[in-house]
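Visitor: What follows is the file model32.txt, containing compact mmCIF, C-alpha atoms:
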# COMPACT_ATOMS: atom_id res chain seq x y z
CA MET A 1 -13.35 19.15 33.16
CA GLY A 2 -11.97 17.28 30.14
CA LYS A 3 -13.17 16.99 26.57
CA GLU A 4 -14.13 13.68 25.03
CA LYS A 5 -12.10 12.48 22.07
CA ARG A 6 -12.32 9.34 19.94
CA VAL A 7 -9.17 7.42 19.14
CA GLY A 8 -8.72 4.68 16.55
CA ARG A 9 -8.80 0.99 17.39
CA TRP A 10 -5.88 -1.22 16.34
CA TYR A 11 -7.74 -2.91 13.48
CA PHE A 12 -9.19 0.24 11.87
CA GLY A 13 -6.19 0.67 9.58
CA GLY A 14 -6.61 -2.77 8.02
CA ILE A 15 -10.33 -2.28 7.43
CA ALA A 16 -9.79 1.20 5.97
CA SER A 17 -7.00 -0.04 3.68
CA ALA A 18 -9.13 -2.95 2.46
CA GLY A 19 -11.97 -0.56 1.66
CA ALA A 20 -9.60 1.69 -0.25
CA ALA A 21 -8.18 -1.31 -2.14
CA CYS A 22 -11.65 -2.17 -3.45
CA CYS A 23 -11.76 1.28 -5.07
CA THR A 24 -8.20 1.44 -6.41
CA HIS A 25 -7.58 -2.19 -7.44
CA PRO A 26 -7.95 -1.57 -11.21
CA LEU A 27 -5.21 1.07 -11.05
CA ASP A 28 -2.98 -1.25 -9.05
CA LEU A 29 -3.50 -3.98 -11.63
CA LEU A 30 -2.59 -1.67 -14.51
CA LYS A 31 0.50 -0.52 -12.61
CA VAL A 32 1.69 -4.13 -12.32
CA HIS A 33 1.09 -4.68 -16.04
CA LEU A 34 3.09 -1.57 -16.98
CA GLN A 35 5.98 -2.49 -14.69
CA THR A 36 6.26 -6.06 -15.96
CA GLN A 37 6.06 -5.36 -19.69
CA SER A 38 9.43 -6.19 -21.22
CA GLN A 39 8.89 -4.71 -24.66
CA GLY A 40 7.18 -1.60 -25.92
CA ASN A 41 5.88 1.27 -23.86
CA ILE A 42 2.11 0.97 -23.66
CA GLY A 43 0.48 3.81 -21.74
CA LEU A 44 -2.02 3.57 -18.90
CA LEU A 45 -5.11 4.13 -21.05
CA LYS A 46 -4.06 1.70 -23.79
CA MET A 47 -3.18 -0.91 -21.19
CA GLY A 48 -6.62 -0.50 -19.62
CA VAL A 49 -8.32 -0.90 -23.02
CA LYS A 50 -6.20 -3.99 -23.72
CA VAL A 51 -7.17 -5.62 -20.42
CA VAL A 52 -10.89 -4.94 -20.93
CA LYS A 53 -10.74 -6.14 -24.55
CA ASN A 54 -9.01 -9.41 -23.64
CA ASP A 55 -10.68 -10.24 -20.32
CA GLY A 56 -13.76 -8.07 -20.03
CA LEU A 57 -14.55 -5.33 -17.53
CA PHE A 58 -14.14 -7.65 -14.55
CA GLY A 59 -10.61 -8.35 -15.73
CA LEU A 60 -9.70 -5.07 -14.04
CA TYR A 61 -10.54 -6.74 -10.72
CA ASN A 62 -8.47 -9.86 -11.32
CA GLY A 63 -6.74 -10.78 -8.06
CA LEU A 64 -8.95 -8.63 -5.81
CA SER A 65 -9.07 -11.32 -3.12
CA ALA A 66 -5.27 -11.29 -2.92
CA SER A 67 -5.25 -7.50 -2.70
CA LEU A 68 -7.67 -7.67 0.23
CA LEU A 69 -5.58 -10.39 1.89
CA ARG A 70 -2.51 -8.19 1.55
CA GLN A 71 -4.21 -5.19 3.14
CA LEU A 72 -5.63 -7.27 5.99
CA THR A 73 -2.14 -8.52 6.82
CA TYR A 74 0.32 -5.82 5.75
CA SER A 75 -1.71 -2.69 6.47
CA MET A 76 -3.43 -4.01 9.56
CA THR A 77 -0.04 -4.86 11.07
CA ARG A 78 1.65 -1.54 10.32
CA PHE A 79 -1.32 0.57 11.41
CA ALA A 80 -1.76 -1.47 14.59
CA ILE A 81 1.90 -1.05 15.56
CA TYR A 82 2.05 2.64 14.66
CA GLU A 83 -1.21 3.68 16.33
CA THR A 84 -0.65 1.57 19.45
CA VAL A 85 2.88 2.82 20.09
CA LYS A 86 1.94 6.41 19.26
CA GLY A 87 -0.93 6.25 21.73
CA LYS A 88 1.39 5.03 24.46
CA ILE A 89 4.12 7.66 24.12
CA SER A 90 2.29 10.81 22.98
CA ASP A 91 -0.93 12.79 23.22
CA ASP A 92 -2.43 16.00 21.79
CA GLN A 93 -0.53 18.16 24.25
CA HIS A 94 2.76 16.32 23.72
CA PRO A 95 2.90 15.03 20.14
CA MET A 96 5.85 12.99 18.96
CA PRO A 97 8.60 14.95 17.22
CA PHE A 98 8.84 14.24 13.52
CA TYR A 99 11.95 12.09 13.72
CA GLN A 100 10.16 9.75 16.14
CA LYS A 101 7.22 9.48 13.74
CA VAL A 102 9.64 8.55 10.96
CA LEU A 103 11.39 5.92 13.10
CA LEU A 104 8.09 4.46 14.28
CA GLY A 105 6.69 4.45 10.75
CA ALA A 106 9.81 2.74 9.43
CA GLY A 107 9.68 0.02 12.08
CA ALA A 108 5.95 -0.57 11.68
CA GLY A 109 6.26 -0.65 7.90
CA CYS A 110 9.17 -3.11 7.93
CA ILE A 111 7.27 -5.58 10.11
CA GLY A 112 4.05 -5.09 8.16
CA GLY A 113 5.83 -5.62 4.85
CA PHE A 114 7.26 -8.93 6.04
CA VAL A 115 3.90 -10.15 7.37
CA GLY A 116 2.19 -9.16 4.13
CA THR A 117 4.72 -10.72 1.72
CA PRO A 118 2.76 -13.94 1.00
CA GLY A 119 -0.37 -11.97 0.16
CA ASP A 120 1.69 -9.55 -1.92
CA LEU A 121 3.28 -12.39 -3.89
CA VAL A 122 -0.08 -13.94 -4.74
CA ASN A 123 -1.50 -10.49 -5.49
CA VAL A 124 1.17 -9.72 -8.12
CA ARG A 125 0.86 -13.17 -9.69
CA MET A 126 -2.93 -13.06 -9.96
CA GLN A 127 -2.89 -9.58 -11.48
CA ASN A 128 -0.25 -10.56 -14.05
CA ASP A 129 -1.71 -13.99 -14.86
CA MET A 130 -3.89 -12.73 -17.70
CA LYS A 131 -0.81 -11.52 -19.61
CA LEU A 132 0.62 -15.03 -19.83
CA PRO A 133 -0.25 -17.56 -22.56
CA ALA A 134 -3.13 -19.81 -21.53
CA ALA A 135 -0.81 -22.80 -21.07
CA GLU A 136 1.44 -20.86 -18.66
CA ARG A 137 -1.23 -19.27 -16.46
CA ARG A 138 -1.30 -20.28 -12.80
CA ASN A 139 -5.09 -19.85 -12.58
CA TYR A 140 -5.34 -19.41 -8.82
CA LYS A 141 -9.02 -19.57 -7.84
CA HIS A 142 -8.58 -17.01 -5.09
CA ALA A 143 -5.95 -15.72 -2.66
CA LEU A 144 -6.09 -18.67 -0.23
CA ASP A 145 -5.87 -21.13 -3.13
CA GLY A 146 -2.81 -19.22 -4.34
CA LEU A 147 -1.13 -19.44 -0.91
CA LEU A 148 -1.78 -23.18 -0.65
CA ARG A 149 -0.60 -23.91 -4.18
CA VAL A 150 2.60 -21.88 -3.81
CA ALA A 151 3.41 -23.68 -0.57
CA ARG A 152 2.60 -27.10 -2.06
CA GLU A 153 4.14 -26.68 -5.52
CA GLU A 154 7.11 -24.42 -4.82
CA GLY A 155 7.72 -24.88 -1.11
CA PRO A 156 6.74 -22.73 1.90
CA LYS A 157 9.88 -20.60 1.54
CA LYS A 158 8.63 -19.31 -1.80
CA LEU A 159 5.82 -17.49 0.06
CA LEU A 160 8.49 -15.14 1.40
CA SER A 161 10.06 -14.52 -2.00
CA GLY A 162 10.82 -10.82 -2.26
CA ALA A 163 10.37 -10.30 1.48
CA THR A 164 13.45 -8.08 1.67
CA MET A 165 12.16 -5.74 -0.99
CA ALA A 166 8.59 -5.91 0.27
CA SER A 167 9.75 -4.92 3.75
CA SER A 168 12.03 -2.21 2.38
CA ARG A 169 9.26 -0.73 0.26
CA ALA A 170 6.78 -1.01 3.13
CA THR A 171 9.24 0.85 5.35
CA LEU A 172 9.38 3.75 2.91
CA VAL A 173 5.68 3.82 2.03
CA THR A 174 4.69 3.73 5.71
CA VAL A 175 6.99 6.64 6.45
CA GLY A 176 5.51 8.48 3.46
CA GLN A 177 1.93 7.67 4.43
CA LEU A 178 1.59 7.36 8.20
CA SER A 179 4.49 9.50 9.44
CA PHE A 180 3.99 12.31 6.93
CA TYR A 181 0.20 12.16 7.27
CA ASP A 182 0.56 12.60 11.02
CA GLN A 183 2.95 15.52 10.52
CA PHE A 184 0.89 17.24 7.82
CA LYS A 185 -2.27 16.82 9.90
CA GLN A 186 -0.53 18.27 12.97
CA ILE A 187 0.66 21.28 10.95
CA LEU A 188 -2.76 21.89 9.43
CA LEU A 189 -4.59 21.62 12.77
CA ALA A 190 -2.23 24.23 14.20
CA LEU A 191 -3.57 26.70 11.62
CA PRO A 192 -6.79 28.61 12.40
CA LEU A 193 -8.47 27.57 9.13
CA PHE A 194 -8.41 23.81 9.80
CA GLU A 195 -10.31 21.54 12.16
CA ASP A 196 -10.46 17.77 12.65
CA ASN A 197 -12.73 17.23 9.65
CA MET A 198 -12.76 15.76 6.16
CA ILE A 199 -11.08 18.80 4.57
CA THR A 200 -8.06 18.40 6.84
CA HIS A 201 -8.00 14.63 6.39
CA PHE A 202 -8.12 14.99 2.60
CA SER A 203 -5.43 17.67 2.47
CA ALA A 204 -3.01 15.82 4.74
CA SER A 205 -3.53 12.47 2.98
CA PHE A 206 -3.13 14.02 -0.49
CA MET A 207 0.28 15.41 0.47
CA ALA A 208 1.28 12.17 2.19
CA GLY A 209 0.36 10.19 -0.93
CA ALA A 210 2.60 12.39 -3.07
CA VAL A 211 5.55 11.88 -0.72
CA ALA A 212 4.96 8.12 -0.51
CA THR A 213 4.90 7.76 -4.30
CA LEU A 214 8.09 9.75 -4.73
CA ILE A 215 10.20 7.72 -2.32
CA THR A 216 8.91 4.22 -3.11
CA MET A 217 8.91 3.94 -6.90
CA PRO A 218 12.38 2.35 -7.44
CA LEU A 219 11.84 -0.39 -4.86
CA ASP A 220 8.29 -0.94 -6.04
CA VAL A 221 9.46 -1.67 -9.57
CA MET A 222 12.17 -4.08 -8.37
CA LYS A 223 9.79 -5.85 -5.99
CA THR A 224 7.24 -6.40 -8.75
CA ARG A 225 9.90 -7.72 -11.15
CA VAL A 226 11.37 -10.21 -8.65
CA MET A 227 8.02 -11.52 -7.42
CA ASN A 228 6.81 -12.15 -10.97
CA ALA A 229 10.08 -13.57 -12.31
CA PRO A 230 10.45 -17.30 -13.02
CA PRO A 231 12.82 -19.23 -10.69
CA GLY A 232 16.47 -18.39 -11.22
CA GLN A 233 16.01 -15.30 -13.38
CA TYR A 234 17.48 -12.96 -10.76
CA ALA A 235 20.29 -13.87 -8.37
CA GLY A 236 19.29 -11.08 -6.02
CA LEU A 237 18.29 -7.45 -5.64
CA GLY A 238 21.49 -6.19 -7.27
CA ASP A 239 20.98 -8.41 -10.30
CA CYS A 240 17.41 -7.13 -10.69
CA ALA A 241 18.60 -3.52 -10.38
CA LYS A 242 21.23 -4.06 -13.08
CA ASP A 243 18.62 -5.53 -15.43
CA ILE A 244 16.31 -2.56 -14.94
CA ALA A 245 19.18 -0.05 -15.23
CA ARG A 246 19.97 -1.28 -18.74
CA SER A 247 16.98 0.71 -19.96
CA GLY A 248 18.24 3.84 -18.19
CA PRO A 249 17.52 5.52 -14.84
CA MET A 250 13.88 6.08 -15.75
CA GLY A 251 13.44 2.30 -15.79
CA PHE A 252 13.16 2.53 -12.01
CA PHE A 253 10.18 4.85 -12.45
CA LYS A 254 8.37 2.78 -15.06
CA GLY A 255 4.68 3.14 -14.38
CA PHE A 256 5.23 6.28 -12.29
CA ILE A 257 1.99 7.93 -13.42
CA PRO A 258 -0.25 4.94 -12.60
CA ALA A 259 1.70 4.46 -9.36
CA PHE A 260 0.92 8.04 -8.35
CA VAL A 261 -2.65 7.81 -9.60
CA ARG A 262 -3.08 4.60 -7.61
CA LEU A 263 -1.11 5.40 -4.44
CA GLY A 264 -2.55 8.91 -4.14
CA PRO A 265 -6.21 7.82 -4.09
CA GLN A 266 -5.25 4.73 -2.05
CA THR A 267 -3.66 6.96 0.60
CA ILE A 268 -6.51 9.48 0.55
CA LEU A 269 -9.25 6.85 0.77
CA THR A 270 -7.41 4.88 3.45
CA PHE A 271 -7.13 7.86 5.76
CA MET A 272 -10.60 9.18 4.95
CA PHE A 273 -12.06 5.77 5.86
CA PHE A 274 -9.74 5.47 8.87
CA GLU A 275 -10.72 8.87 10.24
CA GLN A 276 -14.43 8.18 9.76
CA LEU A 277 -14.05 4.88 11.60
CA ARG A 278 -12.21 6.72 14.37
CA LEU A 279 -14.73 9.55 14.67
CA ASN A 280 -17.77 7.26 14.59
CA PHE A 281 -16.62 4.02 16.18
CA GLY A 282 -13.38 4.85 18.00
CA ALA A 283 -12.72 4.38 21.69
CA VAL A 284 -13.71 7.38 23.79
CA THR A 285 -11.01 9.03 25.88
CA VAL A 286 -11.06 12.19 28.00
CA VAL A 287 -8.56 14.94 27.12
CA GLU A 288 -7.75 17.44 29.85
CA GLU A 289 -8.09 21.04 28.69
Since I need it in another form, could you write the structure as structure tokens?
Guide:
Amino acid sequence: MGKEKRVGRWYFGGIASAGAACCTHPLDLLKVHLQTQSQGNIGLLKMGVKVVKNDGLFGLYNGLSASLLRQLTYSMTRFAIYETVKGKISDDQHPMPFYQKVLLGAGAGCIGGFVGTPGDLVNVRMQNDMKLPAAERRNYKHALDGLLRVAREEGPKKLLSGATMASSRATLVTVGQLSFYDQFKQILLALPLFEDNMITHFSASFMAGAVATLITMPLDVMKTRVMNAPPGQYAGLGDCAKDIARSGPMGFFKGFIPAFVRLGPQTILTFMFFEQLRLNFGAVTVVEE
């Protein structure tokens, strides 16, 4: 006689990530502002006060529609690939070895990053728009308006600007989040103190968020710089890296604290939402005991 178990559906990851984005968007916006400032070294709190003073409280949610679009393309794709393939080649009795989780996470993240590049481009632009002089602002009405205007005014190819870095970063962040979350959760469930509950989900996602932040910061900074740069400012990734390196190695970790504060809660909330969707609305399978 087997035991019933609920498994996630392919679209749960996108929904969970969108829900988490609604909670963490202000931190993501401040991270973009810190990474794109060319002069001075304004801290997270001062930057938040500056945004609220200039644009009001809702200024912290500038570009939310683009953030949701990004999660419903990028995160839905990577979660769908990862969970579907994992479900085909492993089960509770025969889990994937860690190296396979890393390879699967890398592949899923690379594809997801490419698919999500247009939404990511519009997301960065909308978040940074309020920093520009009024005459230079793009003033996208919402994410879809941004996509259409970029394609019409700058050409469809511009929608994939920064795709290499977006895919590279997505590869690393997906390994840090999905692969390490899976591994941490497996380790915790093997201990007598942990069960498949919110405590385990929180613990595993907290550790995964820390790993993801550590390994993605340099590419995240370069991606943000290139996507927000005017045409012709950077010849390529190497040119962008040289520009950042002029301020020293720590230039690649500019905005590290808000990145950790944002990516940590984003990771935790994503997996907490994902696991609740799985436990309450997932497909029922029978596991042989």
Visitor: Can you measure CA of Gln35 in chain A to CA of Gly155 in chain A for me? One decimal in Å is fine.
Guide: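 A separation of 26.2 Å between them.
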Visitor: May I have the residues at most 12 Å from (-2.8, 11.8, 21.2) in the file's coordinates, counting only C-alpha atoms, as a PyMOL selection string?
Guide: chain A and resi 5-8+83-96+182+186+285-288
Visitor: Quick one: residues within 8 Å of Ala16 in chain A, all atoms listed in the file, excluding same-chain residues fewer than 5 positions away - as a ChimeraX atom specification?
Guide: /A:269-271,273-274,277
Visitor: Please determine, counting all atoms listed in the file, which residue among A:Arg246, A:Lys157, A:Arg152, A:Arg125 has the shortest atom-to-atom distance to Val226 in chain A.
Guide: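 Looking at the shortest contact to Val226 in chain A, the residue is A:Arg125.
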Visitor: Between A:Lys141, A:Lys242, A:Lys185, A:Arg70, single out the one closest to Asn197 in chain A, counting all atoms listed in the file.
Guide: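 The closest residue to Asn197 in chain A is A:Lys185.
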Visitor: What's the 9 Å shell around Gly14 in chain A, counting only C-alpha atoms, without same-chain residues fewer than 3 positions away, as a list in words?
Guide: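 The residues that qualify are Trp10, Tyr11, Ser17, Ala18, Gly19, Gln71, Leu72, Thr73, Tyr74, Ser75, Met76, Thr77, Arg78, Phe79, Ala80, Thr270 and Phe274 of chain A.
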Visitor: If you count only C-alpha atoms, which residues fall within 8 Å of Pro258 in chain A, apart from same-chain ones fewer than 6 positions away, as an NGL selection string?
Guide: :A and (27-28 or 30-31 or 44)
Visitor: Taking only C-alpha atoms into account, name the residue in A:Asp120, A:Met198, A:Lys131, A:Arg137 that is nearest to Asn54 in chain A.
Guide: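 Ranking A:Asp120, A:Met198, A:Lys131, A:Arg137 by distance to Asn54 in chain A, first place goes to A:Lys131.
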Visitor: So which one's closest to Ile215 in chain A, A:Ile187, A:Ala245, A:Leu34, A:Ala170? Using only C-alpha atoms, please.
Guide: A:Ala170
Visitor: When you draw a straight line from CA of Glu4 in chain A to CA of Leu189 in chain A, how long is it in Å?
Guide: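 Between these atoms lies a distance of 17.4 Å.
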Visitor: As an exercise, work out the distance from CA of Leu29 in chain A to CA of Tyr181 in chain A in Å and give it to one decimal place.
Guide: 25.1 Å
Visitor: Need the neighbours of (-1.3, -11.4, 3.4): which residues are at most 10 Å away, counting all atoms listed in the file, as a JSON list (two decimals) with C-alpha atoms, in the frame of the given file?
Guide:
[["chain", "number", "residue", "atom", "x", "y", "z"],
["A", 66, "ALA", "CA", -5.27, -11.29, -2.92],
["A", 67, "SER", "CA", -5.25, -7.50, -2.70],
["A", 68, "LEU", "CA", -7.67, -7.67, 0.23],
["A", 69, "LEU", "CA", -5.58, -10.39, 1.89],
["A", 70, "ARG", "CA", -2.51, -8.19, 1.55],
["A", 71, "GLN", "CA", -4.21, -5.19, 3.14],
["A", 72, "LEU", "CA", -5.63, -7.27, 5.99],
["A", 73, "THR", "CA", -2.14, -8.52, 6.82],
["A", 74, "TYR", "CA", 0.32, -5.82, 5.75],
["A", 75, "SER", "CA", -1.71, -2.69, 6.47],
["A", 76, "MET", "CA", -3.43, -4.01, 9.56],
["A", 112, "GLY", "CA", 4.05, -5.09, 8.16],
["A", 113, "GLY", "CA", 5.83, -5.62, 4.85],
["A", 114, "PHE", "CA", 7.26, -8.93, 6.04],
["A", 115, "VAL", "CA", 3.90, -10.15, 7.37],
["A", 116, "GLY", "CA", 2.19, -9.16, 4.13],
["A", 117, "THR", "CA", 4.72, -10.72, 1.72],
["A", 118, "PRO", "CA", 2.76, -13.94, 1.00],
["A", 119, "GLY", "CA", -0.37, -11.97, 0.16],
["A", 120, "ASP", "CA", 1.69, -9.55, -1.92],
["A", 121, "LEU", "CA", 3.28, -12.39, -3.89],
["A", 122, "VAL", "CA", -0.08, -13.94, -4.74],
["A", 123, "ASN", "CA", -1.50, -10.49, -5.49],
["A", 143, "ALA", "CA", -5.95, -15.72, -2.66],
["A", 144, "LEU", "CA", -6.09, -18.67, -0.23],
["A", 147, "LEU", "CA", -1.13, -19.44, -0.91],
["A", 159, "LEU", "CA", 5.82, -17.49, 0.06]]
Visitor: Please give the centre and size of the box around range 261-278 of chain A (axis-aligned, containing every atom listed in the file, 5 Å added per side), with values in Å to one decimal and written as JSON.
Guide:
{"center_x": -7.8, "center_y": 7.0, "center_z": 2.4, "size_x": 23.3, "size_y": 14.9, "size_z": 34.0}
Visitor: Of the candidates A:Gln183, A:Pro192, A:Ala166, A:Pro265, which shows the shortest atom-to-atom distance to Pro218 in chain A, using only C-alpha atoms?
Guide: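 Going through A:Gln183, A:Pro192, A:Ala166, A:Pro265 one by one, the smallest distance to Pro218 in chain A is for A:Ala166.
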